[in-house]
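To be precise, the following lines are run19.cif, and they hold mmCIF, C-alpha atoms.
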data_entry
loop_
_atom_site.group_PDB
_atom_site.id
_atom_site.type_symbol
_atom_site.label_atom_id
_atom_site.label_comp_id
_atom_site.auth_asym_id
_atom_site.auth_seq_id
_atom_site.Cartn_x
_atom_site.Cartn_y
_atom_site.Cartn_z
ATOM 1 C CA MET A 148 52.940 -37.205 127.658
ATOM 2 C CA GLU A 149 53.287 -35.118 124.519
ATOM 3 C CA GLU A 150 55.511 -37.211 122.303
ATOM 4 C CA VAL A 151 56.418 -34.259 120.122
ATOM 5 C CA ASN A 152 57.734 -32.290 123.100
ATOM 6 C CA LEU A 153 59.754 -35.026 124.742
ATOM 7 C CA PRO A 154 63.026 -34.279 122.898
ATOM 8 C CA VAL A 155 62.630 -30.621 123.863
ATOM 9 C CA CYS A 156 62.022 -31.481 127.507
ATOM 10 C CA PHE A 157 64.813 -34.062 127.529
ATOM 11 C CA GLY A 158 67.217 -31.461 126.162
ATOM 12 C CA LEU A 159 66.233 -28.993 128.854
ATOM 13 C CA ILE A 160 66.714 -31.611 131.572
ATOM 14 C CA VAL A 161 70.145 -32.519 130.216
ATOM 15 C CA ARG A 162 71.114 -28.834 130.195
ATOM 16 C CA ARG A 163 69.779 -28.315 133.730
ATOM 17 C CA THR A 164 71.596 -31.387 135.053
ATOM 18 C CA ARG A 165 74.813 -30.431 133.252
ATOM 19 C CA THR A 166 74.858 -26.861 134.587
ATOM 20 C CA ALA A 167 74.034 -28.093 138.110
ATOM 21 C CA LEU A 168 77.234 -30.141 137.897
ATOM 22 C CA GLY A 169 79.180 -27.127 136.650
ATOM 23 C CA PHE A 170 79.988 -28.897 133.381
ATOM 24 C CA THR A 171 80.471 -26.939 130.166
ATOM 25 C CA GLN A 172 78.958 -28.381 127.000
ATOM 26 C CA GLN A 173 82.479 -29.293 125.908
ATOM 27 C CA LYS A 174 83.139 -31.128 129.164
ATOM 28 C CA LEU A 175 79.927 -33.154 128.954
ATOM 29 C CA ALA A 176 80.462 -33.816 125.249
ATOM 30 C CA ASP A 177 83.952 -35.132 126.001
ATOM 31 C CA VAL A 178 82.821 -37.375 128.861
ATOM 32 C CA ALA A 179 79.857 -38.744 126.865
ATOM 33 C CA ASP A 180 81.937 -39.052 123.678
ATOM 34 C CA LEU A 181 79.624 -36.758 121.717
ATOM 35 C CA ASP A 182 80.289 -33.854 119.403
ATOM 36 C CA ARG A 183 79.811 -30.511 121.180
ATOM 37 C CA GLY A 184 77.686 -29.172 118.333
ATOM 38 C CA TYR A 185 75.471 -32.249 118.525
ATOM 39 C CA LEU A 186 75.077 -31.791 122.292
ATOM 40 C CA SER A 187 74.152 -28.142 121.765
ATOM 41 C CA GLU A 188 71.406 -29.163 119.348
ATOM 42 C CA LEU A 189 70.246 -31.930 121.663
ATOM 43 C CA GLU A 190 69.908 -29.475 124.551
ATOM 44 C CA ARG A 191 67.798 -27.244 122.292
ATOM 45 C CA GLY A 192 65.515 -30.146 121.410
ATOM 46 C CA VAL A 193 66.554 -30.162 117.764
ATOM 47 C CA ARG A 194 67.903 -33.711 118.013
ATOM 48 C CA ASN A 195 66.002 -36.909 118.660
ATOM 49 C CA PRO A 196 68.633 -38.967 120.484
ATOM 50 C CA THR A 197 68.859 -42.733 120.348
ATOM 51 C CA LEU A 198 68.681 -44.903 123.428
ATOM 52 C CA THR A 199 72.438 -45.434 123.549
ATOM 53 C CA VAL A 200 73.158 -41.690 123.279
ATOM 54 C CA GLN A 201 70.665 -41.090 126.093
ATOM 55 C CA ALA A 202 72.413 -43.759 128.150
ATOM 56 C CA ARG A 203 75.852 -42.247 127.545
ATOM 57 C CA LEU A 204 74.576 -38.864 128.700
ATOM 58 C CA ALA A 205 73.071 -40.403 131.833
ATOM 59 C CA VAL A 206 76.349 -42.142 132.693
ATOM 60 C CA ALA A 207 78.305 -38.930 132.073
ATOM 61 C CA LEU A 208 75.868 -36.991 134.289
ATOM 62 C CA ASP A 209 75.998 -39.726 136.961
ATOM 63 C CA VAL A 210 72.234 -40.196 137.009
ATOM 64 C CA ARG A 211 69.926 -42.986 135.918
ATOM 65 C CA LEU A 212 68.429 -42.532 132.472
ATOM 66 C CA SER A 213 64.984 -43.356 133.881
ATOM 67 C CA GLU A 214 65.358 -40.347 136.203
ATOM 68 C CA LEU A 215 66.202 -38.028 133.313
ATOM 69 C CA ILE A 216 63.220 -39.359 131.339
ATOM 70 C CA GLN A 217 60.923 -39.017 134.334
ATOM 71 C CA GLN A 218 61.948 -35.396 134.821
ATOM 72 C CA ALA A 219 61.358 -34.750 131.110
ATOM 73 C CA GLU A 220 57.904 -36.360 131.344
ATOM 74 C CA GLU A 221 57.007 -34.212 134.335
ATOM 75 C CA MET A 222 58.013 -31.113 132.390
ATOM 76 C CA SER A 223 56.012 -32.018 129.281
ATOM 77 C CA MET B 211 73.998 -49.583 133.645
ATOM 78 C CA GLU B 212 75.616 -51.294 130.693
ATOM 79 C CA GLU B 213 75.022 -48.911 127.816
ATOM 80 C CA VAL B 214 75.631 -51.582 125.230
ATOM 81 C CA ASN B 215 72.902 -53.802 126.652
ATOM 82 C CA LEU B 216 70.216 -51.192 127.106
ATOM 83 C CA PRO B 217 68.633 -51.613 123.640
ATOM 84 C CA VAL B 218 68.532 -55.373 124.234
ATOM 85 C CA CYS B 219 66.897 -54.934 127.643
ATOM 86 C CA PHE B 220 64.529 -52.276 126.331
ATOM 87 C CA GLY B 221 63.445 -54.619 123.544
ATOM 88 C CA LEU B 222 62.775 -57.417 126.016
ATOM 89 C CA ILE B 223 60.727 -55.093 128.226
ATOM 90 C CA VAL B 224 58.681 -53.924 125.241
ATOM 91 C CA ARG B 225 58.034 -57.533 124.262
ATOM 92 C CA ARG B 226 57.088 -58.491 127.831
ATOM 93 C CA THR B 227 54.729 -55.534 128.193
ATOM 94 C CA ARG B 228 53.186 -56.183 124.778
ATOM 95 C CA THR B 229 52.499 -59.856 125.424
ATOM 96 C CA ALA B 230 51.097 -59.070 128.890
ATOM 97 C CA LEU B 231 48.530 -56.898 127.093
ATOM 98 C CA GLY B 232 47.789 -59.682 124.626
ATOM 99 C CA PHE B 233 48.958 -57.524 121.707
ATOM 100 C CA THR B 234 50.482 -59.106 118.620
ATOM 101 C CA GLN B 235 53.502 -57.353 117.094
ATOM 102 C CA GLN B 236 51.228 -56.210 114.269
ATOM 103 C CA LYS B 237 48.745 -54.720 116.731
ATOM 104 C CA LEU B 238 51.409 -52.802 118.653
ATOM 105 C CA ALA B 239 53.090 -51.709 115.419
ATOM 106 C CA ASP B 240 49.776 -50.366 114.144
ATOM 107 C CA VAL B 241 48.954 -48.495 117.362
ATOM 108 C CA ALA B 242 52.468 -47.033 117.625
ATOM 109 C CA ASP B 243 52.608 -46.297 113.879
ATOM 110 C CA LEU B 244 55.710 -48.426 113.385
ATOM 111 C CA ASP B 245 56.608 -51.033 110.797
ATOM 112 C CA ARG B 246 56.084 -54.561 112.130
ATOM 113 C CA GLY B 247 59.523 -55.641 110.888
ATOM 114 C CA TYR B 248 61.094 -52.702 112.684
ATOM 115 C CA LEU B 249 59.263 -53.593 115.903
ATOM 116 C CA SER B 250 60.440 -57.189 115.603
ATOM 117 C CA GLU B 251 64.037 -56.005 115.346
ATOM 118 C CA LEU B 252 63.553 -53.548 118.200
ATOM 119 C CA GLU B 253 62.258 -56.334 120.460
ATOM 120 C CA ARG B 254 65.368 -58.375 119.597
ATOM 121 C CA GLY B 255 67.627 -55.473 120.525
ATOM 122 C CA VAL B 256 68.888 -55.015 116.989
ATOM 123 C CA ARG B 257 67.514 -51.475 116.813
ATOM 124 C CA ASN B 258 68.569 -48.429 118.785
ATOM 125 C CA PRO B 259 65.294 -46.483 118.978
ATOM 126 C CA THR B 260 65.062 -42.719 119.141
ATOM 127 C CA LEU B 261 63.355 -40.913 121.975
ATOM 128 C CA THR B 262 60.189 -40.286 119.937
ATOM 129 C CA VAL B 263 59.898 -43.936 118.912
ATOM 130 C CA GLN B 264 60.332 -44.938 122.557
ATOM 131 C CA ALA B 265 57.616 -42.442 123.516
ATOM 132 C CA ARG B 266 55.221 -43.775 120.860
ATOM 133 C CA LEU B 267 55.714 -47.310 122.160
ATOM 134 C CA ALA B 268 55.063 -46.176 125.739
ATOM 135 C CA VAL B 269 51.830 -44.433 124.727
ATOM 136 C CA ALA B 270 50.710 -47.486 122.737
ATOM 137 C CA LEU B 271 51.491 -49.741 125.728
ATOM 138 C CA ASP B 272 49.749 -47.321 128.111
ATOM 139 C CA VAL B 273 52.773 -46.984 130.382
ATOM 140 C CA ARG B 274 55.170 -44.169 131.120
ATOM 141 C CA LEU B 275 58.409 -44.298 129.174
ATOM 142 C CA SER B 276 60.379 -43.755 132.385
ATOM 143 C CA GLU B 277 58.829 -46.987 133.712
ATOM 144 C CA LEU B 278 59.906 -48.949 130.636
ATOM 145 C CA ILE B 279 63.421 -47.509 130.928
ATOM 146 C CA GLN B 280 63.569 -48.254 134.636
ATOM 147 C CA GLN B 281 62.594 -51.873 134.035
ATOM 148 C CA ALA B 282 65.227 -52.123 131.297
ATOM 149 C CA GLU B 283 67.850 -50.677 133.672
ATOM 150 C CA GLU B 284 66.934 -53.182 136.372
ATOM 151 C CA MET B 285 67.352 -56.000 133.866
ATOM 152 C CA SER B 286 70.743 -54.831 132.610
#

As C-alpha coordinates:
Amino acid sequence: MEEVNLPVCFGLIVRRTRTALGFTQQKLADVADLDRGYLSELERGVRNPTLTVQARLAVALDVRLSELIQQAEEMS
Amino acid sequence: MEEVNLPVCFGLIVRRTRTALGFTQQKLADVADLDRGYLSELERGVRNPTLTVQARLAVALDVRLSELIQQAEEMS
(Lines of atoms letter the chains of each structure in order from A and count residues from 1; the text may use other names and numbers.)
(Lines give C-alpha, C1' and ligand atoms only; values in the text may rest on other atoms or scores of the structure.)
Protein backbone atom coordinates (compact mmCIF):
# COMPACT_ATOMS: atom_id res chain seq x y z
CA MET A 1 0.00 0.00 0.00
CA GLU A 2 1.49 3.31 -1.06
CA GLU A 3 0.49 5.67 1.72
CA VAL A 4 1.11 8.73 -0.41
CA ASN A 5 -1.32 7.53 -3.09
CA LEU A 6 -4.16 6.46 -0.84
CA PRO A 7 -5.96 9.84 -0.82
CA VAL A 8 -5.73 9.87 -4.62
CA CYS A 9 -7.13 6.36 -4.90
CA PHE A 10 -9.80 7.04 -2.28
CA GLY A 11 -10.91 10.11 -4.22
CA LEU A 12 -11.17 8.11 -7.42
CA ILE A 13 -13.22 5.41 -5.68
CA VAL A 14 -15.57 8.01 -4.22
CA ARG A 15 -16.02 9.55 -7.68
CA ARG A 16 -16.60 6.14 -9.28
CA THR A 17 -19.14 5.13 -6.63
CA ARG A 18 -20.89 8.50 -6.83
CA THR A 19 -21.24 8.44 -10.63
CA ALA A 20 -22.43 4.81 -10.53
CA LEU A 21 -25.28 6.04 -8.32
CA GLY A 22 -26.02 8.89 -10.72
CA PHE A 23 -25.24 11.47 -8.04
CA THR A 24 -23.84 14.88 -8.94
CA GLN A 25 -21.10 16.28 -6.73
CA GLN A 26 -23.66 18.71 -5.33
CA LYS A 27 -26.05 15.88 -4.49
CA LEU A 28 -23.40 13.85 -2.68
CA ALA A 29 -22.06 16.95 -0.94
CA ASP A 30 -25.56 17.75 0.30
CA VAL A 31 -26.26 14.22 1.54
CA ALA A 32 -22.85 13.95 3.26
CA ASP A 33 -23.07 17.52 4.60
CA LEU A 34 -19.86 18.57 2.85
CA ASP A 35 -18.97 21.61 0.79
CA ARG A 36 -19.11 20.85 -2.95
CA GLY A 37 -15.72 22.46 -3.52
CA TYR A 38 -14.23 20.31 -0.76
CA LEU A 39 -15.74 17.17 -2.32
CA SER A 40 -14.31 18.15 -5.71
CA GLU A 41 -10.84 18.43 -4.19
CA LEU A 42 -11.29 15.18 -2.29
CA GLU A 43 -12.21 13.35 -5.49
CA ARG A 44 -9.03 14.73 -7.08
CA GLY A 45 -6.93 13.47 -4.19
CA VAL A 46 -5.98 16.96 -3.05
CA ARG A 47 -7.63 16.46 0.34
CA ASN A 48 -6.65 14.07 3.10
CA PRO A 49 -10.03 13.35 4.68
CA THR A 50 -10.54 12.52 8.33
CA LEU A 51 -12.16 9.32 9.50
CA THR A 52 -15.50 10.99 10.18
CA VAL A 53 -15.60 12.63 6.73
CA GLN A 54 -14.82 9.23 5.19
CA ALA A 55 -17.62 7.71 7.24
CA ARG A 56 -20.11 10.38 6.17
CA LEU A 57 -19.26 9.73 2.53
CA ALA A 58 -19.70 5.98 3.00
CA VAL A 59 -23.12 6.47 4.60
CA ALA A 60 -24.16 8.87 1.83
CA LEU A 61 -22.99 6.37 -0.81
CA ASP A 62 -24.72 3.50 1.03
CA VAL A 63 -21.57 1.41 1.25
CA ARG A 64 -19.32 0.34 4.09
CA LEU A 65 -16.26 2.50 4.58
CA SER A 66 -14.09 -0.63 4.76
CA GLU A 67 -15.28 -1.49 1.23
CA LEU A 68 -14.31 1.94 -0.10
CA ILE A 69 -10.89 1.65 1.58
CA GLN A 70 -10.39 -1.86 0.25
CA GLN A 71 -11.15 -0.72 -3.29
CA ALA A 72 -8.71 2.17 -2.86
CA GLU A 73 -6.03 -0.23 -1.59
CA GLU A 74 -6.55 -2.52 -4.57
CA MET A 75 -6.12 0.44 -6.90
CA SER A 76 -2.92 1.70 -5.25
CA MET B 1 -22.34 2.42 11.29
CA GLU B 2 -22.42 5.17 13.88
CA GLU B 3 -20.22 7.87 12.41
CA VAL B 4 -19.71 9.54 15.75
CA ASN B 5 -18.31 6.37 17.30
CA LEU B 6 -15.97 5.36 14.52
CA PRO B 7 -12.91 7.25 15.84
CA VAL B 8 -13.50 5.67 19.25
CA CYS B 9 -13.77 2.18 17.74
CA PHE B 10 -10.81 2.78 15.45
CA GLY B 11 -8.71 3.84 18.43
CA LEU B 12 -9.67 0.71 20.35
CA ILE B 13 -8.79 -1.49 17.36
CA VAL B 14 -5.41 0.23 17.00
CA ARG B 15 -4.73 -0.32 20.69
CA ARG B 16 -5.81 -3.97 20.51
CA THR B 17 -3.67 -4.64 17.45
CA ARG B 18 -0.69 -2.83 18.97
CA THR B 19 -0.80 -4.74 22.25
CA ALA B 20 -1.26 -8.05 20.41
CA LEU B 21 2.07 -7.29 18.71
CA GLY B 22 3.66 -6.44 22.05
CA PHE B 23 4.35 -2.87 20.91
CA THR B 24 4.43 -0.02 23.40
CA GLN B 25 2.79 3.25 22.35
CA GLN B 26 6.28 4.71 21.95
CA LYS B 27 7.32 1.85 19.67
CA LEU B 28 4.26 2.19 17.43
CA ALA B 29 4.56 5.98 17.43
CA ASP B 30 8.18 5.70 16.32
CA VAL B 31 7.46 3.19 13.55
CA ALA B 32 4.46 5.17 12.28
CA ASP B 33 6.30 8.50 12.68
CA LEU B 34 3.67 9.89 15.04
CA ASP B 35 3.93 11.72 18.33
CA ARG B 36 3.35 9.38 21.28
CA GLY B 37 0.92 11.85 22.87
CA TYR B 38 -1.03 12.01 19.64
CA LEU B 39 -1.17 8.21 19.44
CA SER B 40 -2.40 8.05 23.03
CA GLU B 41 -5.24 10.43 22.18
CA LEU B 42 -6.01 8.54 18.98
CA GLU B 43 -6.32 5.27 20.90
CA ARG B 44 -8.76 6.98 23.28
CA GLY B 45 -10.87 8.19 20.37
CA VAL B 46 -10.12 11.84 21.04
CA ARG B 47 -8.50 12.27 17.63
CA ASN B 48 -10.08 12.06 14.21
CA PRO B 49 -7.17 10.77 12.11
CA THR B 50 -6.67 11.57 8.45
CA LEU B 51 -6.45 8.90 5.80
CA THR B 52 -2.65 9.12 5.61
CA VAL B 53 -2.25 8.78 9.38
CA GLN B 54 -4.56 5.76 9.30
CA ALA B 55 -2.46 4.29 6.48
CA ARG B 56 0.80 4.86 8.39
CA LEU B 57 -0.64 3.06 11.41
CA ALA B 58 -1.77 0.14 9.25
CA VAL B 59 1.69 -0.20 7.69
CA ALA B 60 3.35 -0.01 11.12
CA LEU B 61 0.94 -2.67 12.45
CA ASP B 62 1.48 -4.82 9.34
CA VAL B 63 -2.22 -5.03 8.53
CA ARG B 64 -4.36 -3.62 5.77
CA LEU B 65 -6.18 -0.42 6.65
CA SER B 66 -9.43 -1.88 5.31
CA GLU B 67 -9.10 -4.65 7.92
CA LEU B 68 -8.67 -2.15 10.75
CA ILE B 69 -11.69 -0.19 9.49
CA GLN B 70 -13.76 -3.34 9.13
CA GLN B 71 -12.99 -4.36 12.70
CA ALA B 72 -13.89 -0.86 13.89
CA GLU B 73 -17.19 -1.05 11.97
CA GLU B 74 -18.02 -4.41 13.52
CA MET B 75 -17.40 -2.94 16.97
CA SER B 76 -19.56 0.13 16.42

After a least-squares superposition on chain A using every in-order C-alpha pair, I'd like chain B written out as a PDB file with C-alpha atoms, in the frame of the given file.
ATOM      1  CA  MET B 211      52.950 -37.219 127.660  1.00  0.00           C
ATOM      2  CA  GLU B 212      53.277 -35.134 124.529  1.00  0.00           C
ATOM      3  CA  GLU B 213      55.509 -37.201 122.282  1.00  0.00           C
ATOM      4  CA  VAL B 214      56.413 -34.239 120.137  1.00  0.00           C
ATOM      5  CA  ASN B 215      57.737 -32.290 123.112  1.00  0.00           C
ATOM      6  CA  LEU B 216      59.756 -35.029 124.741  1.00  0.00           C
ATOM      7  CA  PRO B 217      63.036 -34.282 122.902  1.00  0.00           C
ATOM      8  CA  VAL B 218      62.641 -30.617 123.859  1.00  0.00           C
ATOM      9  CA  CYS B 219      62.018 -31.491 127.511  1.00  0.00           C
ATOM     10  CA  PHE B 220      64.801 -34.069 127.524  1.00  0.00           C
ATOM     11  CA  GLY B 221      67.213 -31.471 126.159  1.00  0.00           C
ATOM     12  CA  LEU B 222      66.231 -28.991 128.856  1.00  0.00           C
ATOM     13  CA  ILE B 223      66.705 -31.618 131.568  1.00  0.00           C
ATOM     14  CA  VAL B 224      70.140 -32.520 130.208  1.00  0.00           C
ATOM     15  CA  ARG B 225      71.105 -28.850 130.192  1.00  0.00           C
ATOM     16  CA  ARG B 226      69.779 -28.330 133.731  1.00  0.00           C
ATOM     17  CA  THR B 227      71.597 -31.391 135.058  1.00  0.00           C
ATOM     18  CA  ARG B 228      74.807 -30.421 133.262  1.00  0.00           C
ATOM     19  CA  THR B 229      74.863 -26.870 134.591  1.00  0.00           C
ATOM     20  CA  ALA B 230      74.029 -28.086 138.115  1.00  0.00           C
ATOM     21  CA  LEU B 231      77.238 -30.135 137.905  1.00  0.00           C
ATOM     22  CA  GLY B 232      79.170 -27.122 136.650  1.00  0.00           C
ATOM     23  CA  PHE B 233      79.981 -28.899 133.374  1.00  0.00           C
ATOM     24  CA  THR B 234      80.468 -26.930 130.174  1.00  0.00           C
ATOM     25  CA  GLN B 235      78.951 -28.393 126.999  1.00  0.00           C
ATOM     26  CA  GLN B 236      82.478 -29.295 125.904  1.00  0.00           C
ATOM     27  CA  LYS B 237      83.131 -31.138 129.163  1.00  0.00           C
ATOM     28  CA  LEU B 238      79.917 -33.161 128.963  1.00  0.00           C
ATOM     29  CA  ALA B 239      80.455 -33.827 125.255  1.00  0.00           C
ATOM     30  CA  ASP B 240      83.941 -35.137 125.992  1.00  0.00           C
ATOM     31  CA  VAL B 241      82.817 -37.383 128.859  1.00  0.00           C
ATOM     32  CA  ALA B 242      79.852 -38.739 126.877  1.00  0.00           C
ATOM     33  CA  ASP B 243      81.930 -39.048 123.687  1.00  0.00           C
ATOM     34  CA  LEU B 244      79.612 -36.768 121.731  1.00  0.00           C
ATOM     35  CA  ASP B 245      80.284 -33.858 119.410  1.00  0.00           C
ATOM     36  CA  ARG B 246      79.815 -30.522 121.183  1.00  0.00           C
ATOM     37  CA  GLY B 247      77.692 -29.188 118.311  1.00  0.00           C
ATOM     38  CA  TYR B 248      75.477 -32.250 118.527  1.00  0.00           C
ATOM     39  CA  LEU B 249      75.077 -31.789 122.287  1.00  0.00           C
ATOM     40  CA  SER B 250      74.164 -28.142 121.764  1.00  0.00           C
ATOM     41  CA  GLU B 251      71.422 -29.161 119.345  1.00  0.00           C
ATOM     42  CA  LEU B 252      70.254 -31.936 121.658  1.00  0.00           C
ATOM     43  CA  GLU B 253      69.903 -29.467 124.544  1.00  0.00           C
ATOM     44  CA  ARG B 254      67.795 -27.233 122.275  1.00  0.00           C
ATOM     45  CA  GLY B 255      65.520 -30.137 121.396  1.00  0.00           C
ATOM     46  CA  VAL B 256      66.553 -30.154 117.758  1.00  0.00           C
ATOM     47  CA  ARG B 257      67.900 -33.699 118.016  1.00  0.00           C
ATOM     48  CA  ASN B 258      66.008 -36.906 118.660  1.00  0.00           C
ATOM     49  CA  PRO B 259      68.635 -38.977 120.493  1.00  0.00           C
ATOM     50  CA  THR B 260      68.863 -42.742 120.340  1.00  0.00           C
ATOM     51  CA  LEU B 261      68.680 -44.912 123.417  1.00  0.00           C
ATOM     52  CA  THR B 262      72.461 -45.421 123.530  1.00  0.00           C
ATOM     53  CA  VAL B 263      73.162 -41.692 123.277  1.00  0.00           C
ATOM     54  CA  GLN B 264      70.665 -41.087 126.083  1.00  0.00           C
ATOM     55  CA  ALA B 265      72.413 -43.770 128.151  1.00  0.00           C
ATOM     56  CA  ARG B 266      75.853 -42.236 127.537  1.00  0.00           C
ATOM     57  CA  LEU B 267      74.574 -38.852 128.697  1.00  0.00           C
ATOM     58  CA  ALA B 268      73.076 -40.400 131.840  1.00  0.00           C
ATOM     59  CA  VAL B 269      76.358 -42.134 132.697  1.00  0.00           C
ATOM     60  CA  ALA B 270      78.313 -38.920 132.076  1.00  0.00           C
ATOM     61  CA  LEU B 271      75.867 -36.986 134.293  1.00  0.00           C
ATOM     62  CA  ASP B 272      75.995 -39.716 136.957  1.00  0.00           C
ATOM     63  CA  VAL B 273      72.229 -40.196 137.006  1.00  0.00           C
ATOM     64  CA  ARG B 274      69.948 -42.988 135.903  1.00  0.00           C
ATOM     65  CA  LEU B 275      68.429 -42.528 132.472  1.00  0.00           C
ATOM     66  CA  SER B 276      64.986 -43.354 133.868  1.00  0.00           C
ATOM     67  CA  GLU B 277      65.367 -40.347 136.196  1.00  0.00           C
ATOM     68  CA  LEU B 278      66.198 -38.018 133.306  1.00  0.00           C
ATOM     69  CA  ILE B 279      63.215 -39.355 131.349  1.00  0.00           C
ATOM     70  CA  GLN B 280      60.924 -39.022 134.344  1.00  0.00           C
ATOM     71  CA  GLN B 281      61.938 -35.396 134.825  1.00  0.00           C
ATOM     72  CA  ALA B 282      61.366 -34.749 131.117  1.00  0.00           C
ATOM     73  CA  GLU B 283      57.906 -36.355 131.359  1.00  0.00           C
ATOM     74  CA  GLU B 284      57.003 -34.201 134.350  1.00  0.00           C
ATOM     75  CA  MET B 285      58.011 -31.108 132.396  1.00  0.00           C
ATOM     76  CA  SER B 286      56.015 -32.008 129.290  1.00  0.00           C
TER      77      SER B 286
END

Q: Take atom CA of A:Thr171 and atom CA of A:Gln217 and report the distance between them in Å, one decimal.
A: 23.4 Å

(Q) So that I can check the surroundings of A:Val193, please list as an MDAnalysis selection string every protein, DNA and RNA residue that reaches within 9 Å of it, counting all atoms listed in the file and ignoring chain neighbours fewer than 2 positions away. (A) chainID A and resid 154:155 158 187:191 195

Those residues you just picked out, can you put them in a file as a PDB file, keeping the file's coordinate frame with C-alpha atoms?
ATOM      1  CA  PRO A 154      63.026 -34.279 122.898  1.00  0.00           C
ATOM      2  CA  VAL A 155      62.630 -30.621 123.863  1.00  0.00           C
ATOM      3  CA  GLY A 158      67.217 -31.461 126.162  1.00  0.00           C
ATOM      4  CA  SER A 187      74.152 -28.142 121.765  1.00  0.00           C
ATOM      5  CA  GLU A 188      71.406 -29.163 119.348  1.00  0.00           C
ATOM      6  CA  LEU A 189      70.246 -31.930 121.663  1.00  0.00           C
ATOM      7  CA  GLU A 190      69.908 -29.475 124.551  1.00  0.00           C
ATOM      8  CA  ARG A 191      67.798 -27.244 122.292  1.00  0.00           C
ATOM      9  CA  ASN A 195      66.002 -36.909 118.660  1.00  0.00           C
TER      10      ASN A 195
END

Q | At most 8 Å to chain A: residues in chain B, all atoms listed in the file, as a list in words | A | Met211, Glu213, Val214, Leu216, Pro217, Asn258, Pro259, Thr260, Leu261, Thr262, Ala265, Arg266, Val269, Leu275, Ser276, Glu277, Ile279, Gln280 and Glu283 of chain B

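Going from atom CA of A:Cys156 over to atom CA of B:Arg226, you cover 27.5 Å.
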
Q. Expanded to explicit residues, what is the PyMOL selection byres ((chain B and resi 270) around 10) for this file, as number ranges by chain?
A. B: 228, 237-243, 264-269, 271-273

For the selection just defined, write its residues with C-alpha atoms to a file, as a CSV table (one decimal), in the coordinates of the input.
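Output (selection-v1.csv):
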chain,number,residue,atom,x,y,z
B,228,ARG,CA,53.2,-56.2,124.8
B,237,LYS,CA,48.7,-54.7,116.7
B,238,LEU,CA,51.4,-52.8,118.7
B,239,ALA,CA,53.1,-51.7,115.4
B,240,ASP,CA,49.8,-50.4,114.1
B,241,VAL,CA,49.0,-48.5,117.4
B,242,ALA,CA,52.5,-47.0,117.6
B,243,ASP,CA,52.6,-46.3,113.9
B,264,GLN,CA,60.3,-44.9,122.6
B,265,ALA,CA,57.6,-42.4,123.5
B,266,ARG,CA,55.2,-43.8,120.9
B,267,LEU,CA,55.7,-47.3,122.2
B,268,ALA,CA,55.1,-46.2,125.7
B,269,VAL,CA,51.8,-44.4,124.7
B,271,LEU,CA,51.5,-49.7,125.7
B,272,ASP,CA,49.7,-47.3,128.1
B,273,VAL,CA,52.8,-47.0,130.4

Q | atom CA of B:Glu284 to atom CA of B:Leu222, straight-line distance in Å | A | 11.9 Å
